[in-house]
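Written out below as structure tokens is the structure these notes cover.
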Amino acid sequence: MTEKNFLSIILAAGKGTRMKSKLPKALHEVGGKPMIQHVLDAAKNAQASKQIVITGFEADMIKAAVGTQAECVFQEEQLGTGHAVKTAKEKISSFTGSTIMVLCCDTPLLTDSLLAKLYEHHISSNAKATILTALAPDPTGYGRIIRDSNDLVSKIVEHKDASPLELKVNEINTGIYCFEKIELLEALDSLTCDNANKEYYLTDVIEMFKNKNLPIVSMISPSFEETLGINSRLQLAEAEKFFNRRKLLSLLDNGVTILDLDSVFISPEAIIGQDTIIHPFTFIEGNTVIGSDCEIGPNTKIDNSVIGNGVYIYFSYLNECKIKNNVKVGPYVQIRPDSVLEDNAKIGNFVEIKNSIIGEDSKVPHLSYIGDTDLGKKVNIGSGTITVNYDGKNKSRTTIKDMAFIGCNCNLIAPVVIEEGAFIGAGSTITKNVPAWSLAVERSNLKCIKDWRKPE
């Protein structure tokens with residue numbers, strides 16, 4: 001593989017008016033990340049030496065999203081793609097490498113392998129410019145790639161300027177290029193806006209190279225979809241569907257069963273083990289890791305969590321938590337951040353777990369809130385139990401040690417410790433520590449008032 005040394009310039013100055021949004025187009029999400037993040041990741045993984053982002057509309061928002069991943073250059077007026085690259089001329093000049101790759105912020109389906117192949121093709125061809133093209137099923141609206149008798153790129157013709165014969169061409173310009181630095185800088189100096197729109201077009205650079213007999217080559221993308229630019233909410237939805245489909249097919253190829261490809265959504269970063277079954281209407285987001293032999297869903301959402309092997313989760317929501325092996329969760333369970341469920345734990349219907357450790361072989365079967373709690377092994381939590389962790393000012397922890405038994409409808413007022421093997425009687429409100437192997441019952445005396453009400 002060719003050792004890579006290129007500067008990526010990502011054009012992200014546009015508003016994206018067809019999106020009809022307060023957000024700049026680059027920050028609309030697909031596949032769980034802003035579009036520009038996908039492009040940054042693809043270029044980085046293709047081994048870009050440095051990255052530049054051209055900002056304009058809502059520049060501060062773009063800059064905040066980019067962070068330290070790239071250097072941002074502000075384009076005060078948006079006067080075309082050529083003007084955007086021209087804005088980065090100083091950064092291009094100071095780049096120590098020789099190749100500049102121009103990318104668009106609204107192409108989230110790009111892969112690092114495609115960009116790596118584009119760079120390698122550019123270098124191996126000894127070209128001064130390389131155009132990434134694609135074969136479009138419907139090329140309407142795209143610039144057409146016109147070739148000469150030697151099958152070399154002769155020119156790029158915009159749709160509105162194309163002749164009837166040129167309109168029949170379905171090879172289109174994706175707006176992604178590799179240029180050699182010195183020749184690009186010379187062309188940018190000569191670039192004009194002598195056109196109806198008074199804009200500086202990057203395609204004019206290709207024409208300048210052609211007029212100077214500089215070698216221009218192209219590479220056809222094996223997938224038109226990978227090069228799609230997103231300009232509307234409809235295209236965003238279509239990209240999301242393609243993105244998700246690509247991930248699902250990859251999981252199927254690696255031994256995961258997905259029962260309904262049309263209702264399951266899984267982030268590109270998620271990892272799922274062999275022989276796990278994903279039921280319909282399941283959403284697996286972020287950097288979630290799921291082990292082997294699990295059964296997930298239906299109607300389940302898991303976000304940035306780690307799931308062990310042999311886990312069964314259905315009709316539930318899990319967020320930033322860790323579930324170990326052979327755990328059962330559901331139905332109608334919420335596991336909130338910083339919670340850990342140890343091996344063989346069971347969490348039943350209508351239970352919420354927050355910032356707690358549920359010990360090995362312990363059970364919280366139903367209708368309970370367990371917050372800021374450390375649960376030992378083989379603990380049983382009766383229906384309707386609440387660990388009362390908040391006094392209006394401070395949050396405190398509850399500790400329930402191994403083999404303790406908590407009866408139904410108990411309130412454990414933190415901070416409190418239930419020692420090993422202790423038994424809490426149903427309906428108790430516990431405010432003090434309970435010794436090991438003891439029975440604690442805290443109830444008020446029964447008081448009956450006769451004739452409180454009379455039958456009508």
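Within each chain, counting starts at residue 1; across the structure tokens, chains are named A, B, ... in the order shown, with ligands numbered 1 upward in that order.
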Exercise for the section: Can you check which residues of region 23-203 of chain A DSSP gives as strand (DSSP E or B) on the backbone and send them as a VMD selection string? Expected result: chain A and resid 29 to 30 33 to 34 50 to 56 58 71 to 74 99 to 104 129 to 135 144 to 147 153 to 157 171 to 180
Take the residues just selected and output them with N, CA and C atoms as a CSV table (one decimal), in the first residue's frame.
```
chain,number,residue,atom,x,y,z
A,29,GLU,N,-27.2,15.0,11.3
A,29,GLU,CA,-26.7,13.7,11.6
A,29,GLU,C,-27.3,12.6,10.7
A,30,VAL,N,-26.4,11.7,10.4
A,30,VAL,CA,-26.8,10.5,9.7
A,30,VAL,C,-25.9,9.4,10.3
A,33,LYS,N,-24.0,10.4,13.7
A,33,LYS,CA,-23.0,11.4,13.8
A,33,LYS,C,-23.2,12.5,12.7
A,34,PRO,N,-22.8,13.7,13.0
A,34,PRO,CA,-22.9,14.8,12.0
A,34,PRO,C,-22.2,14.4,10.7
A,50,LYS,N,-3.0,15.9,7.4
A,50,LYS,CA,-3.5,17.1,8.0
A,50,LYS,C,-4.9,17.4,7.4
A,51,GLN,N,-5.8,18.0,8.2
A,51,GLN,CA,-7.1,18.3,7.6
A,51,GLN,C,-7.5,19.8,7.9
A,52,ILE,N,-8.1,20.4,6.8
A,52,ILE,CA,-8.6,21.8,6.9
A,52,ILE,C,-10.1,21.7,6.6
A,53,VAL,N,-10.8,22.5,7.4
A,53,VAL,CA,-12.3,22.6,7.2
A,53,VAL,C,-12.6,24.1,6.8
A,54,ILE,N,-13.2,24.3,5.7
A,54,ILE,CA,-13.6,25.6,5.3
A,54,ILE,C,-15.0,25.9,5.9
A,55,THR,N,-15.1,26.9,6.7
A,55,THR,CA,-16.3,27.3,7.4
A,55,THR,C,-16.9,28.6,6.8
A,56,GLY,N,-18.2,28.8,7.1
A,56,GLY,CA,-18.9,30.0,6.6
A,56,GLY,C,-20.1,30.2,7.5
A,58,GLU,N,-22.7,29.8,10.2
A,58,GLU,CA,-22.6,29.3,11.6
A,58,GLU,C,-21.2,28.6,11.8
A,71,GLU,N,-8.0,22.0,11.3
A,71,GLU,CA,-7.9,23.5,11.4
A,71,GLU,C,-9.0,24.1,10.6
A,72,CYS,N,-9.7,25.1,11.1
A,72,CYS,CA,-10.8,25.7,10.4
A,72,CYS,C,-10.3,27.0,9.8
A,73,VAL,N,-10.8,27.3,8.6
A,73,VAL,CA,-10.5,28.5,7.8
A,73,VAL,C,-11.8,29.1,7.5
A,74,PHE,N,-12.0,30.4,7.8
A,74,PHE,CA,-13.3,31.0,7.6
A,74,PHE,C,-13.4,31.6,6.2
A,99,THR,N,0.3,16.5,-2.2
A,99,THR,CA,-1.1,16.2,-2.7
A,99,THR,C,-2.2,16.8,-1.8
A,100,ILE,N,-3.1,17.4,-2.5
A,100,ILE,CA,-4.3,18.0,-1.8
A,100,ILE,C,-5.5,17.3,-2.2
A,101,MET,N,-6.3,16.8,-1.3
A,101,MET,CA,-7.6,16.1,-1.5
A,101,MET,C,-8.7,17.0,-1.1
A,102,VAL,N,-9.6,17.3,-2.1
A,102,VAL,CA,-10.7,18.2,-1.8
A,102,VAL,C,-12.0,17.3,-1.6
A,103,LEU,N,-12.7,17.5,-0.4
A,103,LEU,CA,-13.8,16.7,-0.1
A,103,LEU,C,-15.0,17.7,0.3
A,104,CYS,N,-16.2,17.1,0.3
A,104,CYS,CA,-17.4,17.9,0.6
A,104,CYS,C,-17.9,17.4,2.0
A,129,ALA,N,-4.0,16.0,-11.5
A,129,ALA,CA,-5.4,16.1,-11.0
A,129,ALA,C,-6.1,14.8,-11.2
A,130,THR,N,-6.8,14.3,-10.2
A,130,THR,CA,-7.6,13.1,-10.3
A,130,THR,C,-9.0,13.4,-9.8
A,131,ILE,N,-10.0,13.0,-10.6
A,131,ILE,CA,-11.4,13.3,-10.3
A,131,ILE,C,-12.0,12.0,-9.9
A,132,LEU,N,-12.7,12.0,-8.8
A,132,LEU,CA,-13.5,10.8,-8.4
A,132,LEU,C,-14.9,11.0,-9.1
A,133,THR,N,-15.2,10.0,-10.0
A,133,THR,CA,-16.5,10.0,-10.7
A,133,THR,C,-17.3,8.8,-10.2
A,134,ALA,N,-18.6,8.8,-10.7
A,134,ALA,CA,-19.5,7.7,-10.4
A,134,ALA,C,-20.5,7.6,-11.5
A,135,LEU,N,-21.0,6.4,-11.6
A,135,LEU,CA,-22.1,6.1,-12.6
A,135,LEU,C,-23.4,6.2,-12.0
A,144,ARG,N,-21.4,16.4,-15.9
A,144,ARG,CA,-21.1,15.2,-16.6
A,144,ARG,C,-19.6,15.2,-16.9
A,145,ILE,N,-19.1,14.0,-16.9
A,145,ILE,CA,-17.7,13.7,-17.3
A,145,ILE,C,-17.6,13.4,-18.7
A,146,ILE,N,-17.0,14.3,-19.5
A,146,ILE,CA,-16.9,14.1,-21.0
A,146,ILE,C,-15.4,13.6,-21.3
A,147,ARG,N,-15.3,12.5,-22.0
A,147,ARG,CA,-14.0,11.9,-22.3
A,147,ARG,C,-13.7,12.1,-23.7
A,153,VAL,N,-10.3,12.3,-19.5
A,153,VAL,CA,-11.3,13.3,-19.2
A,153,VAL,C,-10.9,14.5,-20.0
A,154,SER,N,-11.9,14.9,-20.8
A,154,SER,CA,-11.8,16.1,-21.6
A,154,SER,C,-12.3,17.4,-20.9
A,155,LYS,N,-13.4,17.2,-20.3
A,155,LYS,CA,-14.0,18.4,-19.6
A,155,LYS,C,-15.1,17.9,-18.6
A,156,ILE,N,-15.5,18.8,-17.8
A,156,ILE,CA,-16.7,18.6,-16.9
A,156,ILE,C,-17.8,19.6,-17.3
A,157,VAL,N,-18.9,19.1,-17.7
A,157,VAL,CA,-20.0,20.0,-18.2
A,157,VAL,C,-21.1,20.0,-17.1
A,171,GLU,N,-21.9,9.2,-16.4
A,171,GLU,CA,-20.7,9.3,-15.5
A,171,GLU,C,-20.7,10.8,-15.0
A,172,ILE,N,-20.8,10.9,-13.7
A,172,ILE,CA,-20.9,12.3,-13.1
A,172,ILE,C,-19.7,12.6,-12.2
A,173,ASN,N,-19.6,13.9,-12.0
A,173,ASN,CA,-18.5,14.5,-11.2
A,173,ASN,C,-19.0,14.4,-9.7
A,174,THR,N,-18.3,13.8,-8.8
A,174,THR,CA,-18.7,13.7,-7.4
A,174,THR,C,-18.3,15.0,-6.6
A,175,GLY,N,-17.5,15.8,-7.2
A,175,GLY,CA,-16.9,17.0,-6.4
A,175,GLY,C,-15.8,16.6,-5.5
A,176,ILE,N,-15.2,15.5,-5.7
A,176,ILE,CA,-14.1,15.0,-4.9
A,176,ILE,C,-12.9,14.9,-5.8
A,177,TYR,N,-11.7,15.5,-5.4
A,177,TYR,CA,-10.6,15.6,-6.3
A,177,TYR,C,-9.3,15.3,-5.5
A,178,CYS,N,-8.2,14.9,-6.2
A,178,CYS,CA,-6.9,15.1,-5.7
A,178,CYS,C,-6.1,16.0,-6.7
A,179,PHE,N,-5.4,16.9,-6.1
A,179,PHE,CA,-4.5,17.9,-6.9
A,179,PHE,C,-3.1,17.8,-6.4
A,180,GLU,N,-2.2,18.1,-7.3
A,180,GLU,CA,-0.8,18.3,-6.9
A,180,GLU,C,-0.7,19.8,-6.5
```
Handout entry: Distance query region 443-453 of chain A at most 9 Å, only C-alpha atoms, self and fewer than 5 positions along chain excluded, as number ranges by chain
Key = A: 427-429
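Nearest residue to Phe315 (chain A), choosing from A:Ala404, A:Ile302, A:Val327, A:Cys294 and counting only C-alpha atoms: A:Ile302.
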Exercise for the section: For region 377-393 of chain A, list every protein, DNA or RNA residue within 9 Å, evaluated using only C-alpha atoms, and leave out those in the same chain fewer than 6 positions away; present the list as a VMD selection string. Expected result: chain A and resid 342 345 358 to 371 400 to 415 421 426 to 427
Practice task
Write out as a ChimeraX atom specification each polymer residue whose atoms come within 7 Å of region 239-244 of chain A, counting only C-alpha atoms; drop sequence neighbours fewer than 2 positions from it.
Solution key: /A:30-31,109,235-237,246-248,265-266
Mind dumping the selected residues with N, CA, C and O atoms as a PDB file, in the first residue's frame?
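Generated output (out_31.pdb):
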```
ATOM      1  N   VAL A  30     -26.399  11.694  10.371  1.00  0.00           N
ATOM      2  CA  VAL A  30     -26.762  10.469   9.683  1.00  0.00           C
ATOM      3  C   VAL A  30     -25.877   9.374  10.270  1.00  0.00           C
ATOM      4  O   VAL A  30     -24.706   9.599  10.562  1.00  0.00           O
ATOM      5  N   GLY A  31     -26.455   8.232  10.531  1.00  0.00           N
ATOM      6  CA  GLY A  31     -25.670   7.165  11.161  1.00  0.00           C
ATOM      7  C   GLY A  31     -25.175   7.533  12.534  1.00  0.00           C
ATOM      8  O   GLY A  31     -24.125   7.059  12.970  1.00  0.00           O
ATOM      9  N   LEU A 109     -21.439   9.078   3.320  1.00  0.00           N
ATOM     10  CA  LEU A 109     -21.312   7.653   3.001  1.00  0.00           C
ATOM     11  C   LEU A 109     -19.940   7.289   2.458  1.00  0.00           C
ATOM     12  O   LEU A 109     -19.662   6.122   2.192  1.00  0.00           O
ATOM     13  N   GLN A 235     -33.064  13.318   1.085  1.00  0.00           N
ATOM     14  CA  GLN A 235     -31.779  12.674   0.827  1.00  0.00           C
ATOM     15  C   GLN A 235     -31.108  12.238   2.120  1.00  0.00           C
ATOM     16  O   GLN A 235     -30.419  11.209   2.153  1.00  0.00           O
ATOM     17  N   LEU A 236     -31.319  12.999   3.194  1.00  0.00           N
ATOM     18  CA  LEU A 236     -30.778  12.618   4.496  1.00  0.00           C
ATOM     19  C   LEU A 236     -31.396  11.295   4.947  1.00  0.00           C
ATOM     20  O   LEU A 236     -30.693  10.408   5.442  1.00  0.00           O
ATOM     21  N   ALA A 237     -32.708  11.171   4.791  1.00  0.00           N
ATOM     22  CA  ALA A 237     -33.389   9.934   5.169  1.00  0.00           C
ATOM     23  C   ALA A 237     -32.919   8.762   4.313  1.00  0.00           C
ATOM     24  O   ALA A 237     -32.725   7.639   4.811  1.00  0.00           O
ATOM     25  N   ARG A 246     -26.052  -0.968   5.141  1.00  0.00           N
ATOM     26  CA  ARG A 246     -24.662  -1.411   5.004  1.00  0.00           C
ATOM     27  C   ARG A 246     -24.169  -2.062   6.295  1.00  0.00           C
ATOM     28  O   ARG A 246     -23.500  -3.105   6.269  1.00  0.00           O
ATOM     29  N   LYS A 247     -24.519  -1.469   7.436  1.00  0.00           N
ATOM     30  CA  LYS A 247     -24.117  -2.043   8.717  1.00  0.00           C
ATOM     31  C   LYS A 247     -24.802  -3.375   8.968  1.00  0.00           C
ATOM     32  O   LYS A 247     -24.165  -4.355   9.404  1.00  0.00           O
ATOM     33  N   LEU A 248     -26.111  -3.449   8.693  1.00  0.00           N
ATOM     34  CA  LEU A 248     -26.852  -4.683   8.950  1.00  0.00           C
ATOM     35  C   LEU A 248     -26.329  -5.836   8.105  1.00  0.00           C
ATOM     36  O   LEU A 248     -26.176  -6.963   8.591  1.00  0.00           O
ATOM     37  N   PHE A 265     -32.164  -0.670  13.689  1.00  0.00           N
ATOM     38  CA  PHE A 265     -31.207   0.399  13.391  1.00  0.00           C
ATOM     39  C   PHE A 265     -29.996   0.242  14.301  1.00  0.00           C
ATOM     40  O   PHE A 265     -30.132   0.235  15.529  1.00  0.00           O
ATOM     41  N   ILE A 266     -28.820   0.114  13.690  1.00  0.00           N
ATOM     42  CA  ILE A 266     -27.589  -0.177  14.440  1.00  0.00           C
ATOM     43  C   ILE A 266     -26.491   0.777  13.976  1.00  0.00           C
ATOM     44  O   ILE A 266     -26.257   0.931  12.775  1.00  0.00           O
TER      45      ILE A 266
END
```
